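**Q** Sharing a structure with you now.
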Amino acid sequence: MCGRYVSARSPDDLVRLFHVTDWPPRETLAPSWNVAPTDDVWAVLERAARDGDGDAAPGRQLRPLRWGLVPSWAKDVKAGARMINARVETVHEKPAFRRAFARHRCLLPADGFYEWEQAEDPGTGKVRKQPYFIHPEDDGVMALAGLYAYWRDPAVDRDDDPAAWLVSCTIITTEATDEAGRVHPRMPLALTEDHYDAWLDPRHQDPDELRALLTRPAGGLLAARRVSTAVNSVANNGPRLVAEAAP
């Protein structure tokens, strides 16, 4: 699974790295070294203009979405807390995800993610969870494959009220490789740059073609380092969380 990650790059950097054409500067998020479920996170997605030509290429947007996908049919937003991840093996067929998989795909930029390993404390003999920060060896940005969904809040009367709509997202996970596999059997699935365009284009809706983009990442690209248990608390944040901890 993926339950915490790091997203510390500025929106200006993300606009450049992902060739975004539509980002309102008024939409900002603070850098986070401890992104947690239900937080707002940066997402890259493509949408056609509402009043544009139906044949025109969709515009690429950078926008904040709530992490934890709330399907359109959910009774309330609480459903999102259980849907922070979608397994690549079944994402195309699960009721909560299959419509988003066909029409609403996104990329979630990350500098790396955290996983926890069960470890015995040599001092006490008790088993505890040791966090690791897993990141690209070259410290490049990770483009986590994601889905998003629109949820209409029934408590808001008018459709044109911005408060009427919640846009939320989930991260697709796969079997772990590289150093991540030593720590945990699952990991977020990151796309390579040559697959960005096809994944984001909402006009691509063939499930088999889309699934072909979600290949397991090549070996030897990720590194893992032991970090402080301070990351275990969502109240903690800052660059110190990714600093290597003593054995």
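By convention here, the chains of the structure tokens are called A, B, ... in the order presented, each chain's residues are numbered starting at 1, and ligands are numbered starting at 1 in the order presented.
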What are the DSSP strand (DSSP E or B) residues of segment 101-213 of chain A, as a PyMOL selection string?

**A** chain A and resi 105-110+112-120+127-136+142-152+165-175+186-188+190

**Q** Report as a tab-separated table the residues of segment 93-155 of chain A within 9 Å of segment 183-198 of chain A, each with its shortest atom pair and distance in Å (one decimal), using only C-alpha atoms, ordered by chain and increasing residue number.

**A**
residue	atom	partner	partner_atom	distance
A:Leu107	CA	A:Tyr196	CA	8.0
A:Leu108	CA	A:Ala190	CA	9.0
A:Phe113	CA	A:Pro188	CA	8.3
A:Glu115	CA	A:His184	CA	6.5
A:Trp116	CA	A:Val183	CA	6.5
A:Glu117	CA	A:Val183	CA	5.2
A:Gln118	CA	A:Val183	CA	8.4
A:Pro131	CA	A:Val183	CA	8.8
A:Tyr132	CA	A:Val183	CA	7.6
A:Met142	CA	A:Ala190	CA	6.0
A:Ala143	CA	A:Ala190	CA	5.1
A:Leu144	CA	A:Ala190	CA	4.2
A:Ala145	CA	A:Ala190	CA	5.7
A:Gly146	CA	A:Leu189	CA	8.7

**Q** Taking the DSSP assignment computed from this structure's backbone, write out as number ranges by chain all residues of segment 9-240 of chain A that belong to alpha helix (DSSP H).

**A** A: 11-17, 98-103, 180-183, 196-200, 207-213

**Q** With only C-alpha atoms as the atoms that count, which of A:Ala119, A:Val242, A:Cys2, A:Leu62 lies nearest to Leu29 of chain A?

**A**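 Among A:Ala119, A:Val242, A:Cys2, A:Leu62, it is A:Leu62 that comes nearest to Leu29 of chain A.
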
**Q** Go through segment 144-216 of chain A residue by residue and, counting only C-alpha atoms, keep those with an atom at most 10 Å from segment 37-40 of chain A; for each kept residue give the shortest atom pair and its distance in Å to one decimal, ordered by chain and increasing number, as CSV.

**A**
residue,atom,partner,partner_atom,distance
A:Val167,CA,A:Asp40,CA,9.9
A:Ser168,CA,A:Asp40,CA,8.5
A:Cys169,CA,A:Asp40,CA,9.4
A:Thr170,CA,A:Pro37,CA,9.5

**Q** Take the residues from that selection and put them in a file with all heavy atoms, as a PDB file, in the first residue's frame.

**A**
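Listing of result05.pdb after writing:
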ATOM      1  N   VAL A 167     -13.510  16.899  -5.389  1.00  0.00           N
ATOM      2  CA  VAL A 167     -12.731  16.095  -6.329  1.00  0.00           C
ATOM      3  C   VAL A 167     -11.649  15.376  -5.519  1.00  0.00           C
ATOM      4  O   VAL A 167     -10.849  16.023  -4.841  1.00  0.00           O
ATOM      5  CB  VAL A 167     -12.100  16.947  -7.441  1.00  0.00           C
ATOM      6  CG1 VAL A 167     -11.538  16.045  -8.536  1.00  0.00           C
ATOM      7  CG2 VAL A 167     -13.126  17.916  -8.029  1.00  0.00           C
ATOM      8  N   SER A 168     -11.650  14.073  -5.579  1.00  0.00           N
ATOM      9  CA  SER A 168     -10.752  13.269  -4.751  1.00  0.00           C
ATOM     10  C   SER A 168      -9.986  12.282  -5.626  1.00  0.00           C
ATOM     11  O   SER A 168     -10.319  12.067  -6.793  1.00  0.00           O
ATOM     12  CB  SER A 168     -11.551  12.525  -3.678  1.00  0.00           C
ATOM     13  OG  SER A 168     -12.536  11.691  -4.284  1.00  0.00           O
ATOM     14  N   CYS A 169      -8.956  11.663  -5.056  1.00  0.00           N
ATOM     15  CA  CYS A 169      -8.091  10.798  -5.857  1.00  0.00           C
ATOM     16  C   CYS A 169      -7.614   9.591  -5.069  1.00  0.00           C
ATOM     17  O   CYS A 169      -7.724   9.537  -3.840  1.00  0.00           O
ATOM     18  CB  CYS A 169      -6.886  11.591  -6.370  1.00  0.00           C
ATOM     19  SG  CYS A 169      -5.847  12.270  -5.051  1.00  0.00           S
ATOM     20  N   THR A 170      -7.077   8.629  -5.806  1.00  0.00           N
ATOM     21  CA  THR A 170      -6.488   7.436  -5.218  1.00  0.00           C
ATOM     22  C   THR A 170      -5.197   7.115  -5.965  1.00  0.00           C
ATOM     23  O   THR A 170      -5.020   7.541  -7.112  1.00  0.00           O
ATOM     24  CB  THR A 170      -7.456   6.242  -5.279  1.00  0.00           C
ATOM     25  OG1 THR A 170      -6.946   5.160  -4.493  1.00  0.00           O
ATOM     26  CG2 THR A 170      -7.664   5.754  -6.709  1.00  0.00           C
TER      27      THR A 170
END

**Q** Go ahead and compute the interatomic distance for atom CA of Ala163 of chain A and atom CA of Arg66 of chain A, in Å to one decimal.

**A**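 So the two atoms, atom CA of Ala163 of chain A and atom CA of Arg66 of chain A, lie 13.5 Å apart.
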
**Q** Quick one: distance from atom CA of Asp157 of chain A to atom CA of Arg47 of chain A in Å, one decimal?

**A** 25.2 Å

**Q** At a cut-off of 12 Å, using only C-alpha atoms, what residues contact Thr229 of chain A? Leave out same-chain residues fewer than 4 positions from it and give the result as a VMD selection string.

**A** chain A and resid 34 114 to 117 128 to 133 233 to 234 236 to 237 240 to 246

**Q** Using the selection just defined, write its residues with N, CA and C atoms as an mmCIF file, in the first residue's frame.

**A**
data_model
loop_
_atom_site.group_PDB
_atom_site.id
_atom_site.type_symbol
_atom_site.label_atom_id
_atom_site.label_comp_id
_atom_site.auth_asym_id
_atom_site.auth_seq_id
_atom_site.Cartn_x
_atom_site.Cartn_y
_atom_site.Cartn_z
ATOM 1 N N ASN A 34 5.176 14.815 4.722
ATOM 2 C CA ASN A 34 4.389 13.800 5.417
ATOM 3 C C ASN A 34 2.943 13.868 4.943
ATOM 4 N N TYR A 114 6.849 6.570 1.939
ATOM 5 C CA TYR A 114 7.271 5.856 3.138
ATOM 6 C C TYR A 114 6.634 4.467 3.191
ATOM 7 N N GLU A 115 7.394 3.519 3.685
ATOM 8 C CA GLU A 115 6.849 2.211 4.048
ATOM 9 C C GLU A 115 7.480 1.794 5.370
ATOM 10 N N TRP A 116 6.816 0.866 6.038
ATOM 11 C CA TRP A 116 7.246 0.446 7.358
ATOM 12 C C TRP A 116 7.598 -1.037 7.364
ATOM 13 N N GLU A 117 8.706 -1.343 8.050
ATOM 14 C CA GLU A 117 9.173 -2.716 8.177
ATOM 15 C C GLU A 117 9.037 -3.150 9.639
ATOM 16 N N ARG A 128 8.625 -3.502 16.555
ATOM 17 C CA ARG A 128 8.124 -2.160 16.266
ATOM 18 C C ARG A 128 8.179 -1.918 14.762
ATOM 19 N N LYS A 129 7.522 -0.863 14.329
ATOM 20 C CA LYS A 129 7.506 -0.518 12.912
ATOM 21 C C LYS A 129 8.588 0.509 12.620
ATOM 22 N N GLN A 130 9.522 0.126 11.754
ATOM 23 C CA GLN A 130 10.615 1.021 11.365
ATOM 24 C C GLN A 130 10.295 1.642 10.010
ATOM 25 N N PRO A 131 10.167 2.975 9.946
ATOM 26 C CA PRO A 131 9.868 3.609 8.659
ATOM 27 C C PRO A 131 11.101 3.739 7.770
ATOM 28 N N TYR A 132 10.866 3.647 6.464
ATOM 29 C CA TYR A 132 11.895 3.874 5.453
ATOM 30 C C TYR A 132 11.361 4.875 4.453
ATOM 31 N N PHE A 133 12.247 5.732 3.966
ATOM 32 C CA PHE A 133 11.902 6.638 2.873
ATOM 33 C C PHE A 133 12.433 6.025 1.590
ATOM 34 N N SER A 233 3.843 10.106 13.112
ATOM 35 C CA SER A 233 2.794 11.038 13.520
ATOM 36 C C SER A 233 2.512 12.031 12.403
ATOM 37 N N VAL A 234 1.252 12.153 12.010
ATOM 38 C CA VAL A 234 0.897 13.090 10.934
ATOM 39 C C VAL A 234 1.093 14.537 11.360
ATOM 40 N N ASN A 236 3.823 15.706 12.491
ATOM 41 C CA ASN A 236 5.202 16.088 12.204
ATOM 42 C C ASN A 236 5.392 16.331 10.709
ATOM 43 N N ASN A 237 6.222 17.306 10.389
ATOM 44 C CA ASN A 237 6.491 17.624 8.987
ATOM 45 C C ASN A 237 7.855 18.291 8.891
ATOM 46 N N ARG A 240 13.455 17.213 7.837
ATOM 47 C CA ARG A 240 14.133 16.295 8.755
ATOM 48 C C ARG A 240 13.540 14.891 8.714
ATOM 49 N N LEU A 241 12.303 14.765 8.262
ATOM 50 C CA LEU A 241 11.660 13.451 8.243
ATOM 51 C C LEU A 241 12.314 12.497 7.253
ATOM 52 N N VAL A 242 12.969 13.022 6.227
ATOM 53 C CA VAL A 242 13.593 12.138 5.229
ATOM 54 C C VAL A 242 15.087 11.975 5.462
ATOM 55 N N ALA A 243 15.609 12.569 6.542
ATOM 56 C CA ALA A 243 17.024 12.415 6.857
ATOM 57 C C ALA A 243 17.279 10.992 7.355
ATOM 58 N N GLU A 244 18.438 10.447 6.983
ATOM 59 C CA GLU A 244 18.758 9.071 7.382
ATOM 60 C C GLU A 244 18.917 8.967 8.880
ATOM 61 N N ALA A 245 18.317 7.931 9.459
ATOM 62 C CA ALA A 245 18.381 7.710 10.890
ATOM 63 C C ALA A 245 19.460 6.684 11.207
ATOM 64 N N ALA A 246 20.039 6.797 12.373
ATOM 65 C CA ALA A 246 21.065 5.845 12.794
ATOM 66 C C ALA A 246 20.451 4.462 12.984
#

**Q** If we count only C-alpha atoms, what is near Val88 of chain A at a cut-off of 8 Å, once residues fewer than 3 positions away on the same chain are taken out, given as a list in words?

**A**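 So the residues in contact are Val91, His92, Ile172, Thr173, Thr174 and Leu214 of chain A.
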
**Q** Just the selected residues (C-alpha atoms), exported as a compact mmCIF listing (two decimals), in the first residue's frame, please.

**A**
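Dumped to selection.txt:
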# COMPACT_ATOMS: atom_id res chain seq x y z
CA VAL A 91 -8.57 -1.45 -10.64
CA HIS A 92 -10.31 -1.82 -14.01
CA ILE A 172 -2.65 2.75 -7.91
CA THR A 173 -0.35 0.20 -6.25
CA THR A 174 1.58 -2.79 -7.57
CA LEU A 214 0.78 0.09 -15.94

**Q** Identify, on the basis of only C-alpha atoms, every residue whose closest approach to Ala235 of chain A does not exceed 10 Å; exclude the query and any residue fewer than 3 positions from it along the same chain; express the result as a list of chain:residue names.

**A**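 My reading of the contact set: A:Asn34, A:Ala36, A:Ala230, A:Val231, A:Asn232.
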
**Q** Write a file of the just-selected residues containing N, CA and C atoms, as a PDB file, in the first residue's frame.

**A**
ATOM      1  N   ASN A  34       5.176  14.815   4.722  1.00  0.00           N
ATOM      2  CA  ASN A  34       4.389  13.800   5.417  1.00  0.00           C
ATOM      3  C   ASN A  34       2.943  13.868   4.943  1.00  0.00           C
ATOM      4  N   ALA A  36      -0.566  12.723   4.101  1.00  0.00           N
ATOM      5  CA  ALA A  36      -1.368  11.666   4.716  1.00  0.00           C
ATOM      6  C   ALA A  36      -2.752  11.613   4.072  1.00  0.00           C
ATOM      7  N   ALA A 230       9.626   9.718  13.753  1.00  0.00           N
ATOM      8  CA  ALA A 230       8.827  10.945  13.823  1.00  0.00           C
ATOM      9  C   ALA A 230       7.789  10.999  12.717  1.00  0.00           C
ATOM     10  N   VAL A 231       8.080  10.331  11.595  1.00  0.00           N
ATOM     11  CA  VAL A 231       7.130  10.348  10.479  1.00  0.00           C
ATOM     12  C   VAL A 231       5.847   9.594  10.833  1.00  0.00           C
ATOM     13  N   ASN A 232       5.886   8.776  11.870  1.00  0.00           N
ATOM     14  CA  ASN A 232       4.703   8.004  12.246  1.00  0.00           C
ATOM     15  C   ASN A 232       3.541   8.897  12.670  1.00  0.00           C
TER      16      ASN A 232
END

**Q** Can you tell me which residues surround Arg152 of chain A at a distance of at most 9 Å, considering only C-alpha atoms, apart from same-chain residues fewer than 5 positions away, and format the answer as a PyMOL selection string?

**A** chain A and resi 72-73+159+163-166

**Q** Here is a test: counting only C-alpha atoms, which residue of A:Arg216, A:Arg26, A:Arg4, A:Arg203 is nearest to Gly68 of chain A?

**A** A:Arg4

**Q** Please determine, counting only C-alpha atoms, which residue among A:Glu175, A:Glu27, A:Asp160, A:Glu120 has the shortest atom-to-atom distance to Pro64 of chain A.

**A**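 Among A:Glu175, A:Glu27, A:Asp160, A:Glu120, it is A:Glu27 that comes nearest to Pro64 of chain A.
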
**Q** Between atom CA of Gly123 of chain A and atom CA of Pro247 of chain A, measure the distance and give it in Å to one decimal.

**A**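 Going from atom CA of Gly123 of chain A over to atom CA of Pro247 of chain A, I get 12.4 Å.
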
**Q** So that I can see what lies close to Arg16 of chain A, please list as a PDB file with N, CA and C atoms, in the first residue's frame the residues with an atom at most 12 Å from it, counting only C-alpha atoms and leaving out residues fewer than 4 positions away in the same chain.

**A**
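Full text of around18.pdb as output:
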ATOM      1  N   ARG A   9       7.883  19.700  -3.927  1.00  0.00           N
ATOM      2  CA  ARG A   9       8.250  20.591  -5.035  1.00  0.00           C
ATOM      3  C   ARG A   9       7.232  21.715  -5.189  1.00  0.00           C
ATOM      4  N   SER A  10       7.703  22.831  -5.659  1.00  0.00           N
ATOM      5  CA  SER A  10       6.824  23.982  -5.850  1.00  0.00           C
ATOM      6  C   SER A  10       5.908  23.740  -7.046  1.00  0.00           C
ATOM      7  N   PRO A  11       4.750  24.389  -7.066  1.00  0.00           N
ATOM      8  CA  PRO A  11       3.875  24.251  -8.243  1.00  0.00           C
ATOM      9  C   PRO A  11       4.535  24.735  -9.523  1.00  0.00           C
ATOM     10  N   ASP A  12       5.398  25.731  -9.415  1.00  0.00           N
ATOM     11  CA  ASP A  12       6.113  26.204 -10.607  1.00  0.00           C
ATOM     12  C   ASP A  12       6.982  25.085 -11.187  1.00  0.00           C
ATOM     13  N   VAL A  20       2.405  21.441 -17.864  1.00  0.00           N
ATOM     14  CA  VAL A  20       1.045  21.885 -17.543  1.00  0.00           C
ATOM     15  C   VAL A  20       0.739  23.172 -18.301  1.00  0.00           C
ATOM     16  N   THR A  21      -0.486  23.249 -18.827  1.00  0.00           N
ATOM     17  CA  THR A  21      -0.911  24.445 -19.555  1.00  0.00           C
ATOM     18  C   THR A  21      -1.934  25.265 -18.788  1.00  0.00           C
ATOM     19  N   ASP A  22      -2.468  24.718 -17.696  1.00  0.00           N
ATOM     20  CA  ASP A  22      -3.552  25.386 -16.967  1.00  0.00           C
ATOM     21  C   ASP A  22      -3.327  25.208 -15.467  1.00  0.00           C
ATOM     22  N   TRP A  23      -2.837  26.263 -14.833  1.00  0.00           N
ATOM     23  CA  TRP A  23      -2.691  26.265 -13.369  1.00  0.00           C
ATOM     24  C   TRP A  23      -2.989  27.662 -12.842  1.00  0.00           C
ATOM     25  N   VAL A  44      -1.899  16.085 -11.538  1.00  0.00           N
ATOM     26  CA  VAL A  44      -1.834  16.512 -12.935  1.00  0.00           C
ATOM     27  C   VAL A  44      -2.899  15.726 -13.690  1.00  0.00           C
ATOM     28  N   ARG A  60      -3.933  20.409 -20.059  1.00  0.00           N
ATOM     29  CA  ARG A  60      -3.294  19.736 -18.923  1.00  0.00           C
ATOM     30  C   ARG A  60      -3.297  20.669 -17.717  1.00  0.00           C
ATOM     31  N   GLN A  61      -3.885  20.209 -16.624  1.00  0.00           N
ATOM     32  CA  GLN A  61      -4.081  21.027 -15.443  1.00  0.00           C
ATOM     33  C   GLN A  61      -3.236  20.533 -14.270  1.00  0.00           C
ATOM     34  N   LEU A  62      -2.886  21.467 -13.397  1.00  0.00           N
ATOM     35  CA  LEU A  62      -2.334  21.148 -12.080  1.00  0.00           C
ATOM     36  C   LEU A  62      -3.325  21.675 -11.068  1.00  0.00           C
ATOM     37  N   VAL A 141      11.569  13.344  -9.868  1.00  0.00           N
ATOM     38  CA  VAL A 141      10.173  13.305  -9.438  1.00  0.00           C
ATOM     39  C   VAL A 141       9.553  11.968  -9.825  1.00  0.00           C
TER      40      VAL A 141
END
